[in-house]
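A.B. asks: Here it is, the structure, as structure tokens.
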Amino acid sequence: MVTKKDNMKVYQNEETKIIVNEEWCKSCGICINYCPKKVLVANEKGYPVAEKIDDCIQCMLCELRCPDFAIRVENRKKVANYNMKDGSLED
Amino acid sequence: MKNVIEKYIRKEMFPHIWCPGCGNGIVLGALIRAIDSLGWEKDEVAMVSGIGCSSRITGYVDFNTMNTTHGRALPFATGIKMSNPKLKVIAVMGDGDCAAIGGNHFIHAARRNIDITAVIINNMIYGMTGGQYSPMTPTGKFGSTAPYGNIDQNFDLSALAASAGASYVARSSIYNPNQGTRFIKKALSKKGFSVVEIISDCPISYGRMNKLRTPVKMMEWIKSISVPKKTWEKLSVEEKKDKIPMGEFLDICIPEYTDKYKEVCAIAQEGGGNE
Ligand SMILES: Cc1ncc(C[n+]2csc(CCOP(=O)(O)OP(=O)(O)O)c2C)c(N)n1
Ligand code: SF4
Ligand code: SF4
Ligand code: SF4
């Protein structure tokens, strides 16, 4: 499901919510290129579109490597904190 | 992930001024996540920078911030720390800012072992002014002032900091933001002069002159030159060429400068000294 509020594009399924801030995104392609599950594809403006959201493993790499704080990934069942030790998520 | 970034940035300043794919934003994210994980109040933190693209970082965060002159982040940070040792003082510098014009300040801040965390965003070039080579540009790489390749040797900034007297020294890269965040957190928790060098990209100034024009190409290059410290130690001199070791290089406990200064004040007030 895709919704749009202000400049936030929200992609979601039952598990995952991927939020793209299209006003802040500069189409650098880093998130798209390094997603280990190829969840993201570029639209005509180069913004990431979560086409295969069902494949997302919530590794958070896209969020951590985005230089513009323009993409965020949320687990819809729990809001996880960042775990410093191994980068995994903790409650 | 919990949106920790929003809590610490000056949202009205965004989108930031940095170019698409510039590593400065990735380092900013790592810094914020590290600070957040320590649970520090925003008012406890003082962040100081000099001049350069990377130094604009202080404009984007809602701590006590100071954007000073080129190469002088550490002298200002030293003043802040000496006048209010309770503050958590962080100096963010570019490689030019830190190793060229600010090189002496860097060595002496390390020598004093003053409780400041230095985060160096090393994109190996003067980004802001159009790609002049810096003391961190690798030998043979190109800059606008090295159109035939750089003939200088580059510094090993981490080794320099360790030998000058720092307490904690580590190096990571924007390719590995988890590791970077972890090192910054350790550096922030360390009492003494702590240094985290983050290898970063500048697709515009460095990339343009070194056939790495896109952010992804720059990332790939950084990935290809990065070697974990343990692997690095086993490499031959030839194999070490063009590679950079990543990891923690120093983590020791030695007397810190503001503590020692407090002791001096106490001795002076009691009328002690060398008389
Ligand atoms: C005293 C002084 N000399 C020179 C300059 C010009 N200048 C501005 S930024 C800069 C270099 C910046 O390089 P670096 O610190 O590596 O930061 P980057 O832009 O790459 O992030 C220089 C030489 C200046 N502003 N002040
Ligand atoms: S969280 Fe990981 S798997 Fe999911 S979109 Fe981001 S990079 Fe891809
Ligand atoms: S990494 Fe960030 S700025 Fe770059 S394309 Fe992805 S969302 Fe946009
Ligand atoms: S010139 Fe280089 S360092 Fe400066 S903002 Fe652009 S990419 Fe970043």
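Residues in the structure tokens are numbered from 1 in each chain, the chains being A, B, ... in the order shown, and ligands are numbered from 1 in the order shown.
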What's around Glu15 in chain A at 7 Å? Count only C-alpha atoms, leave out sequence neighbours fewer than 5 positions away in its own chain, and write the answer as a list of chain:residue names.

C.D. replies: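 The filter keeps A:Asn75, A:Arg76, A:Lys77.
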
A.B. asks: Could you give me the residues within 6 Å of ligand 4, counting only C-alpha atoms and all ligand atoms, as JSON, numbers by chain?

C.D. replies: {"B": [18, 19, 22, 53, 127, 128, 202, 203, 204, 205]}

A.B. asks: To test your reading of the structure, identify every residue in chain A that backbone DSSP assigns to strand (DSSP E or B), and report it as a ChimeraX atom specification.

C.D. replies: /A:2-5,8-12,16-21,40-42,48-50,71-75,81-82,89-90

A.B. asks: When the cut-off is 6 Å and we count only C-alpha atoms, which residues of chain B are near chain A, given as a ChimeraX atom specification?

C.D. replies: /B:1-2,15,20-21,25-26,178,182,216

A.B. asks: Those same residues - all heavy atoms - I'd like them written as an mmCIF file, in the first residue's frame.

C.D. replies:
```
data_model
loop_
_atom_site.group_PDB
_atom_site.id
_atom_site.type_symbol
_atom_site.label_atom_id
_atom_site.label_comp_id
_atom_site.auth_asym_id
_atom_site.auth_seq_id
_atom_site.Cartn_x
_atom_site.Cartn_y
_atom_site.Cartn_z
ATOM 1 N N MET B 1 12.934 1.951 12.534
ATOM 2 C CA MET B 1 13.761 2.307 13.679
ATOM 3 C C MET B 1 13.187 3.570 14.324
ATOM 4 O O MET B 1 12.638 4.409 13.632
ATOM 5 C CB MET B 1 15.182 2.570 13.172
ATOM 6 C CG MET B 1 16.218 2.465 14.194
ATOM 7 S SD MET B 1 17.756 2.005 13.372
ATOM 8 C CE MET B 1 18.246 3.567 12.708
ATOM 9 N N LYS B 2 13.325 3.648 15.606
ATOM 10 C CA LYS B 2 12.860 4.839 16.308
ATOM 11 C C LYS B 2 13.504 6.070 15.668
ATOM 12 O O LYS B 2 14.696 6.068 15.392
ATOM 13 C CB LYS B 2 13.273 4.732 17.787
ATOM 14 C CG LYS B 2 12.490 5.646 18.708
ATOM 15 C CD LYS B 2 12.835 5.348 20.158
ATOM 16 C CE LYS B 2 14.112 6.072 20.554
ATOM 17 N NZ LYS B 2 14.520 5.851 21.927
ATOM 18 N N PRO B 15 16.182 20.420 3.646
ATOM 19 C CA PRO B 15 17.299 19.547 3.316
ATOM 20 C C PRO B 15 18.638 20.282 3.432
ATOM 21 O O PRO B 15 18.705 21.470 3.137
ATOM 22 C CB PRO B 15 17.031 19.132 1.862
ATOM 23 C CG PRO B 15 16.095 20.166 1.325
ATOM 24 C CD PRO B 15 15.299 20.630 2.481
ATOM 25 N N PRO B 20 24.454 15.477 -3.366
ATOM 26 C CA PRO B 20 23.892 14.123 -3.332
ATOM 27 C C PRO B 20 24.975 13.083 -3.019
ATOM 28 O O PRO B 20 26.031 13.088 -3.649
ATOM 29 C CB PRO B 20 23.348 13.929 -4.743
ATOM 30 C CG PRO B 20 23.076 15.309 -5.241
ATOM 31 C CD PRO B 20 24.113 16.195 -4.605
ATOM 32 N N GLY B 21 24.717 12.249 -2.030
ATOM 33 C CA GLY B 21 25.645 11.164 -1.711
ATOM 34 C C GLY B 21 26.844 11.573 -0.877
ATOM 35 O O GLY B 21 27.713 10.750 -0.608
ATOM 36 N N GLY B 25 26.596 13.646 5.692
ATOM 37 C CA GLY B 25 25.296 13.320 6.286
ATOM 38 C C GLY B 25 25.295 11.956 6.967
ATOM 39 O O GLY B 25 24.638 11.766 7.989
ATOM 40 N N ILE B 26 26.056 11.024 6.398
ATOM 41 C CA ILE B 26 26.113 9.678 6.987
ATOM 42 C C ILE B 26 26.841 9.746 8.342
ATOM 43 O O ILE B 26 26.424 9.128 9.319
ATOM 44 C CB ILE B 26 26.811 8.679 6.034
ATOM 45 C CG1 ILE B 26 26.100 8.688 4.669
ATOM 46 C CG2 ILE B 26 26.822 7.266 6.632
ATOM 47 C CD1 ILE B 26 26.741 7.794 3.614
ATOM 48 N N ASN B 178 27.419 1.204 11.094
ATOM 49 C CA ASN B 178 27.260 0.583 12.419
ATOM 50 C C ASN B 178 28.551 0.642 13.206
ATOM 51 O O ASN B 178 28.568 0.983 14.387
ATOM 52 C CB ASN B 178 26.858 -0.889 12.275
ATOM 53 C CG ASN B 178 25.386 -1.027 12.036
ATOM 54 O OD1 ASN B 178 24.594 -0.256 12.559
ATOM 55 N ND2 ASN B 178 25.016 -2.001 11.223
ATOM 56 N N ARG B 182 29.470 2.796 16.620
ATOM 57 C CA ARG B 182 30.002 2.120 17.807
ATOM 58 C C ARG B 182 31.310 2.774 18.269
ATOM 59 O O ARG B 182 31.500 3.040 19.453
ATOM 60 C CB ARG B 182 30.240 0.647 17.457
ATOM 61 C CG ARG B 182 30.293 -0.276 18.647
ATOM 62 C CD ARG B 182 30.251 -1.728 18.203
ATOM 63 N NE ARG B 182 31.459 -2.141 17.528
ATOM 64 C CZ ARG B 182 31.518 -2.676 16.314
ATOM 65 N NH1 ARG B 182 30.414 -2.871 15.636
ATOM 66 N NH2 ARG B 182 32.663 -3.030 15.784
ATOM 67 N N VAL B 216 27.773 5.982 -5.541
ATOM 68 C CA VAL B 216 27.928 4.528 -5.431
ATOM 69 C C VAL B 216 29.341 4.101 -5.825
ATOM 70 O O VAL B 216 29.946 3.250 -5.170
ATOM 71 C CB VAL B 216 26.856 3.790 -6.272
ATOM 72 C CG1 VAL B 216 27.161 2.307 -6.381
ATOM 73 C CG2 VAL B 216 25.463 4.000 -5.656
#
```

A.B. asks: Skipping near chain neighbours, those fewer than 4 positions away, what residues fall within 12 Å of Ser49 in chain B using only C-alpha atoms, listed as a PyMOL selection string?

C.D. replies: chain B and resi 53-61+64-77+89-94+97-98+102+117-121

A.B. asks: Using N, CA, C and O atoms, can you export the residues from the last selection as a compact mmCIF listing (two decimals), in the first residue's frame?

C.D. replies:
```
# COMPACT_ATOMS: atom_id res chain seq x y z
N CYS B 53 33.14 21.91 4.01
CA CYS B 53 31.79 21.35 3.87
C CYS B 53 31.44 20.58 5.14
O CYS B 53 30.36 20.77 5.73
N SER B 54 32.36 19.73 5.58
CA SER B 54 32.12 18.91 6.77
C SER B 54 31.85 19.78 8.00
O SER B 54 31.03 19.44 8.85
N SER B 55 32.52 20.92 8.07
CA SER B 55 32.36 21.79 9.25
C SER B 55 30.99 22.44 9.33
O SER B 55 30.61 22.98 10.36
N ARG B 56 30.22 22.36 8.26
CA ARG B 56 28.86 22.92 8.32
C ARG B 56 27.95 22.08 9.19
O ARG B 56 26.81 22.45 9.46
N ILE B 57 28.46 20.97 9.64
CA ILE B 57 27.68 20.04 10.45
C ILE B 57 27.08 20.72 11.69
O ILE B 57 25.97 20.42 12.10
N THR B 58 27.83 21.65 12.27
CA THR B 58 27.34 22.30 13.50
C THR B 58 26.08 23.13 13.24
O THR B 58 25.35 23.43 14.18
N GLY B 59 25.84 23.50 12.02
CA GLY B 59 24.64 24.27 11.72
C GLY B 59 23.37 23.44 11.74
O GLY B 59 22.26 23.98 11.80
N TYR B 60 23.53 22.13 11.70
CA TYR B 60 22.37 21.26 11.55
C TYR B 60 21.91 20.57 12.83
O TYR B 60 20.93 19.85 12.82
N VAL B 61 22.67 20.75 13.91
CA VAL B 61 22.31 20.04 15.15
C VAL B 61 21.94 21.00 16.26
O VAL B 61 22.49 22.09 16.37
N ASN B 64 24.69 22.82 21.88
CA ASN B 64 25.45 24.07 21.91
C ASN B 64 26.43 23.96 20.76
O ASN B 64 27.21 23.00 20.72
N THR B 65 26.39 24.87 19.81
CA THR B 65 27.26 24.70 18.65
C THR B 65 28.07 25.96 18.36
O THR B 65 27.66 27.08 18.70
N MET B 66 29.21 25.74 17.73
CA MET B 66 30.09 26.84 17.40
C MET B 66 30.80 26.52 16.09
O MET B 66 31.43 25.49 15.97
N ASN B 67 30.64 27.40 15.11
CA ASN B 67 31.33 27.25 13.84
C ASN B 67 32.44 28.29 13.83
O ASN B 67 32.19 29.47 13.81
N THR B 68 33.69 27.83 13.88
CA THR B 68 34.79 28.76 14.10
C THR B 68 35.57 28.98 12.81
O THR B 68 35.00 28.87 11.72
N THR B 69 36.86 29.27 12.91
CA THR B 69 37.66 29.54 11.70
C THR B 69 38.39 28.27 11.26
O THR B 69 38.47 27.29 12.00
N HIS B 70 38.95 28.32 10.07
CA HIS B 70 39.54 27.14 9.44
C HIS B 70 40.68 26.56 10.30
O HIS B 70 41.64 27.26 10.62
N GLY B 71 40.54 25.31 10.67
CA GLY B 71 41.60 24.62 11.41
C GLY B 71 41.57 24.86 12.91
O GLY B 71 42.38 24.29 13.64
N ARG B 72 40.64 25.69 13.38
CA ARG B 72 40.66 26.10 14.79
C ARG B 72 39.56 25.50 15.64
O ARG B 72 39.27 25.99 16.73
N ALA B 73 38.95 24.43 15.20
CA ALA B 73 37.91 23.80 16.03
C ALA B 73 38.49 23.39 17.38
O ALA B 73 37.88 23.62 18.43
N LEU B 74 39.67 22.79 17.36
CA LEU B 74 40.23 22.27 18.62
C LEU B 74 40.65 23.36 19.61
O LEU B 74 40.39 23.21 20.80
N PRO B 75 41.28 24.45 19.18
CA PRO B 75 41.54 25.52 20.15
C PRO B 75 40.26 26.04 20.81
O PRO B 75 40.23 26.24 22.02
N PHE B 76 39.21 26.26 20.03
CA PHE B 76 37.95 26.72 20.63
C PHE B 76 37.37 25.65 21.55
O PHE B 76 36.88 25.94 22.64
N ALA B 77 37.43 24.41 21.11
CA ALA B 77 36.91 23.31 21.92
C ALA B 77 37.69 23.22 23.24
O ALA B 77 37.12 22.96 24.30
N VAL B 89 32.40 17.76 25.01
CA VAL B 89 32.84 18.59 23.89
C VAL B 89 33.28 17.72 22.70
O VAL B 89 34.09 16.80 22.85
N ILE B 90 32.71 18.03 21.56
CA ILE B 90 32.99 17.28 20.33
C ILE B 90 33.49 18.25 19.27
O ILE B 90 32.87 19.28 19.03
N ALA B 91 34.61 17.93 18.65
CA ALA B 91 35.10 18.75 17.53
C ALA B 91 34.98 17.93 16.25
O ALA B 91 35.49 16.82 16.17
N VAL B 92 34.26 18.47 15.28
CA VAL B 92 34.12 17.77 14.00
C VAL B 92 34.95 18.52 12.95
O VAL B 92 34.82 19.74 12.81
N MET B 93 35.81 17.78 12.27
CA MET B 93 36.73 18.43 11.33
C MET B 93 36.82 17.67 10.01
O MET B 93 36.68 16.45 9.98
N GLY B 94 37.11 18.39 8.95
CA GLY B 94 37.47 17.75 7.68
C GLY B 94 38.94 17.39 7.72
O GLY B 94 39.67 17.82 8.62
N ASP B 97 40.92 20.62 7.27
CA ASP B 97 40.75 21.40 8.49
C ASP B 97 41.62 20.83 9.62
O ASP B 97 42.31 21.56 10.32
N CYS B 98 41.62 19.54 9.77
CA CYS B 98 42.30 18.88 10.89
C CYS B 98 43.79 18.67 10.63
O CYS B 98 44.62 18.92 11.51
N GLY B 102 45.00 22.91 10.54
CA GLY B 102 44.82 22.66 11.97
C GLY B 102 45.74 21.58 12.53
O GLY B 102 45.57 21.13 13.66
N THR B 117 36.28 14.84 22.11
CA THR B 117 36.19 13.82 21.07
C THR B 117 36.34 14.50 19.71
O THR B 117 35.57 15.39 19.37
N ALA B 118 37.35 14.08 18.96
CA ALA B 118 37.55 14.62 17.62
C ALA B 118 37.01 13.63 16.60
O ALA B 118 37.42 12.47 16.58
N VAL B 119 36.07 14.09 15.80
CA VAL B 119 35.55 13.25 14.71
C VAL B 119 36.05 13.86 13.41
O VAL B 119 35.76 15.02 13.11
N ILE B 120 36.85 13.10 12.68
CA ILE B 120 37.42 13.62 11.44
C ILE B 120 36.74 12.96 10.25
O ILE B 120 36.76 11.73 10.11
N ILE B 121 36.10 13.78 9.44
CA ILE B 121 35.47 13.27 8.23
C ILE B 121 36.52 13.37 7.13
O ILE B 121 36.78 14.44 6.59
```

A.B. asks: Show me, as a list in words, the residues that have an atom within 6 Å of range 184-193 of chain B when counting only C-alpha atoms, minus same-chain residues fewer than 5 positions from it.

C.D. replies: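 Answer for this query is Ala34, Ala110, Asn113, Ile114, Asp115, Ile116, Thr117, Ala166, Ser167 and Glu256 of chain B.
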
A.B. asks: Restricting it to N, CA, C and O atoms, dump the selection as a short mmCIF file (atom, residue, chain, number, x, y, z; two decimals), in the first residue's frame.

C.D. replies:
```
data_model
loop_
_atom_site.label_atom_id
_atom_site.label_comp_id
_atom_site.auth_asym_id
_atom_site.auth_seq_id
_atom_site.Cartn_x
_atom_site.Cartn_y
_atom_site.Cartn_z
N ALA B 34 24.98 7.78 18.13
CA ALA B 34 25.89 7.50 19.25
C ALA B 34 25.53 8.36 20.46
O ALA B 34 25.45 7.86 21.59
N ALA B 110 46.03 16.27 21.30
CA ALA B 110 46.30 14.86 21.63
C ALA B 110 47.37 14.77 22.72
O ALA B 110 47.23 14.03 23.69
N ASN B 113 46.09 15.39 26.03
CA ASN B 113 45.04 14.43 26.39
C ASN B 113 43.86 15.11 27.07
O ASN B 113 43.40 14.70 28.13
N ILE B 114 43.38 16.17 26.44
CA ILE B 114 42.21 16.86 26.97
C ILE B 114 40.95 16.11 26.55
O ILE B 114 40.88 15.56 25.45
N ASP B 115 39.97 16.09 27.43
CA ASP B 115 38.76 15.30 27.23
C ASP B 115 37.84 15.89 26.15
O ASP B 115 36.82 16.51 26.44
N ILE B 116 38.25 15.71 24.92
CA ILE B 116 37.48 16.17 23.76
C ILE B 116 37.41 15.00 22.79
O ILE B 116 38.38 14.24 22.66
N THR B 117 36.28 14.84 22.11
CA THR B 117 36.19 13.82 21.07
C THR B 117 36.34 14.50 19.71
O THR B 117 35.57 15.39 19.37
N ALA B 166 46.99 10.59 22.41
CA ALA B 166 45.55 10.44 22.61
C ALA B 166 45.23 9.20 23.46
O ALA B 166 46.11 8.36 23.70
N SER B 167 43.98 9.12 23.94
CA SER B 167 43.55 7.98 24.76
C SER B 167 42.83 6.91 23.96
O SER B 167 42.85 5.74 24.30
N GLU B 256 44.00 12.96 32.54
CA GLU B 256 43.37 13.88 31.59
C GLU B 256 43.69 15.33 31.99
O GLU B 256 43.91 15.64 33.16
#
```

A.B. asks: Output as a PyMOL selection string all residues of range 86-199 of chain B that backbone DSSP marks as helix (DSSP H, G or I).

C.D. replies: chain B and resi 95-101+103-112+157-164+177-189

A.B. asks: Just C-alpha atoms for this one: save the residues we selected as a PDB file, in the first residue's frame.

C.D. replies:
```
ATOM      1  CA  ASP B  95      40.806  16.232   6.737  1.00  0.00           C
ATOM      2  CA  GLY B  96      42.068  19.580   5.452  1.00  0.00           C
ATOM      3  CA  ASP B  97      40.751  21.402   8.490  1.00  0.00           C
ATOM      4  CA  CYS B  98      42.295  18.883  10.885  1.00  0.00           C
ATOM      5  CA  ALA B  99      45.513  17.749   9.212  1.00  0.00           C
ATOM      6  CA  ALA B 100      46.602  20.766   7.147  1.00  0.00           C
ATOM      7  CA  ILE B 101      45.847  24.186   8.622  1.00  0.00           C
ATOM      8  CA  GLY B 103      47.577  20.045  12.112  1.00  0.00           C
ATOM      9  CA  ASN B 104      49.469  21.548  15.016  1.00  0.00           C
ATOM     10  CA  HIS B 105      46.337  22.057  17.081  1.00  0.00           C
ATOM     11  CA  PHE B 106      45.471  18.438  16.522  1.00  0.00           C
ATOM     12  CA  ILE B 107      48.862  17.139  17.666  1.00  0.00           C
ATOM     13  CA  HIS B 108      48.873  19.297  20.781  1.00  0.00           C
ATOM     14  CA  ALA B 109      45.298  18.529  21.774  1.00  0.00           C
ATOM     15  CA  ALA B 110      46.304  14.860  21.627  1.00  0.00           C
ATOM     16  CA  ARG B 111      49.516  15.545  23.548  1.00  0.00           C
ATOM     17  CA  ARG B 112      47.571  17.236  26.352  1.00  0.00           C
ATOM     18  CA  LEU B 157      46.045  10.390  10.962  1.00  0.00           C
ATOM     19  CA  SER B 158      45.109   7.627  13.376  1.00  0.00           C
ATOM     20  CA  ALA B 159      48.751   6.631  13.884  1.00  0.00           C
ATOM     21  CA  LEU B 160      49.618  10.304  14.315  1.00  0.00           C
ATOM     22  CA  ALA B 161      46.975  10.762  17.022  1.00  0.00           C
ATOM     23  CA  ALA B 162      48.040   7.617  18.831  1.00  0.00           C
ATOM     24  CA  SER B 163      51.705   8.579  18.909  1.00  0.00           C
ATOM     25  CA  ALA B 164      50.936  12.172  19.895  1.00  0.00           C
ATOM     26  CA  PRO B 177      27.896   3.104   9.622  1.00  0.00           C
ATOM     27  CA  ASN B 178      27.260   0.583  12.419  1.00  0.00           C
ATOM     28  CA  GLN B 179      30.951   0.316  13.178  1.00  0.00           C
ATOM     29  CA  GLY B 180      31.366   4.086  12.933  1.00  0.00           C
ATOM     30  CA  THR B 181      28.537   4.657  15.397  1.00  0.00           C
ATOM     31  CA  ARG B 182      30.002   2.120  17.807  1.00  0.00           C
ATOM     32  CA  PHE B 183      33.451   3.726  17.684  1.00  0.00           C
ATOM     33  CA  ILE B 184      32.036   7.221  18.154  1.00  0.00           C
ATOM     34  CA  LYS B 185      30.080   6.009  21.160  1.00  0.00           C
ATOM     35  CA  LYS B 186      33.241   4.575  22.709  1.00  0.00           C
ATOM     36  CA  ALA B 187      35.157   7.732  21.946  1.00  0.00           C
ATOM     37  CA  LEU B 188      32.469   9.886  23.545  1.00  0.00           C
ATOM     38  CA  SER B 189      32.495   7.716  26.664  1.00  0.00           C
TER      39      SER B 189
END
```

A.B. asks: Could you check which of A:Ile71, A:Val49, A:Cys35, A:Ala42 is closest to ligand 2, using only C-alpha atoms and all ligand atoms?

C.D. replies: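 When distances to ligand 2 are compared using only C-alpha atoms and all ligand atoms, the smallest one comes from A:Cys35.
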
A.B. asks: Env of Tyr175 in chain B: 9 Å cut, atoms = only C-alpha atoms, seq-sep filter 2 positions within chain, self excluded. Answer as a list of chain:residue names.

C.D. replies: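 Counting only C-alpha atoms, the residues come to A:Arg65, B:Ser172, B:Ser173, B:Pro177, B:Asn178, B:Ile199, B:Ser200, B:Met219, B:Glu220, B:Ile222, B:Lys223.
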
A.B. asks: Quick one: everything within 7 Å of Met124 in chain B, counting only C-alpha atoms, minus sequence neighbours fewer than 4 positions away in the same chain. Send it as a PyMOL selection string.

C.D. replies: chain B and resi 95+134+136-137

A.B. asks: Keeping N, CA, C and O atoms, export the residues of the selection given above as a PDB file, in the first residue's frame.

C.D. replies:
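Dumped everything to again_17.pdb:
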```
ATOM      1  N   ASP B  95      39.390  16.627   6.735  1.00  0.00           N
ATOM      2  CA  ASP B  95      40.806  16.232   6.737  1.00  0.00           C
ATOM      3  C   ASP B  95      41.718  17.426   6.485  1.00  0.00           C
ATOM      4  O   ASP B  95      42.803  17.527   7.063  1.00  0.00           O
ATOM      5  N   SER B 134      44.808  17.463  -0.132  1.00  0.00           N
ATOM      6  CA  SER B 134      45.012  17.727   1.289  1.00  0.00           C
ATOM      7  C   SER B 134      46.131  16.810   1.778  1.00  0.00           C
ATOM      8  O   SER B 134      46.595  15.948   1.027  1.00  0.00           O
ATOM      9  N   MET B 136      45.824  14.385   3.361  1.00  0.00           N
ATOM     10  CA  MET B 136      45.253  13.043   3.422  1.00  0.00           C
ATOM     11  C   MET B 136      44.984  12.471   2.030  1.00  0.00           C
ATOM     12  O   MET B 136      44.482  11.364   1.905  1.00  0.00           O
ATOM     13  N   THR B 137      45.258  13.228   0.978  1.00  0.00           N
ATOM     14  CA  THR B 137      45.071  12.684  -0.374  1.00  0.00           C
ATOM     15  C   THR B 137      46.140  11.615  -0.627  1.00  0.00           C
ATOM     16  O   THR B 137      47.329  11.901  -0.479  1.00  0.00           O
TER      17      THR B 137
END
```
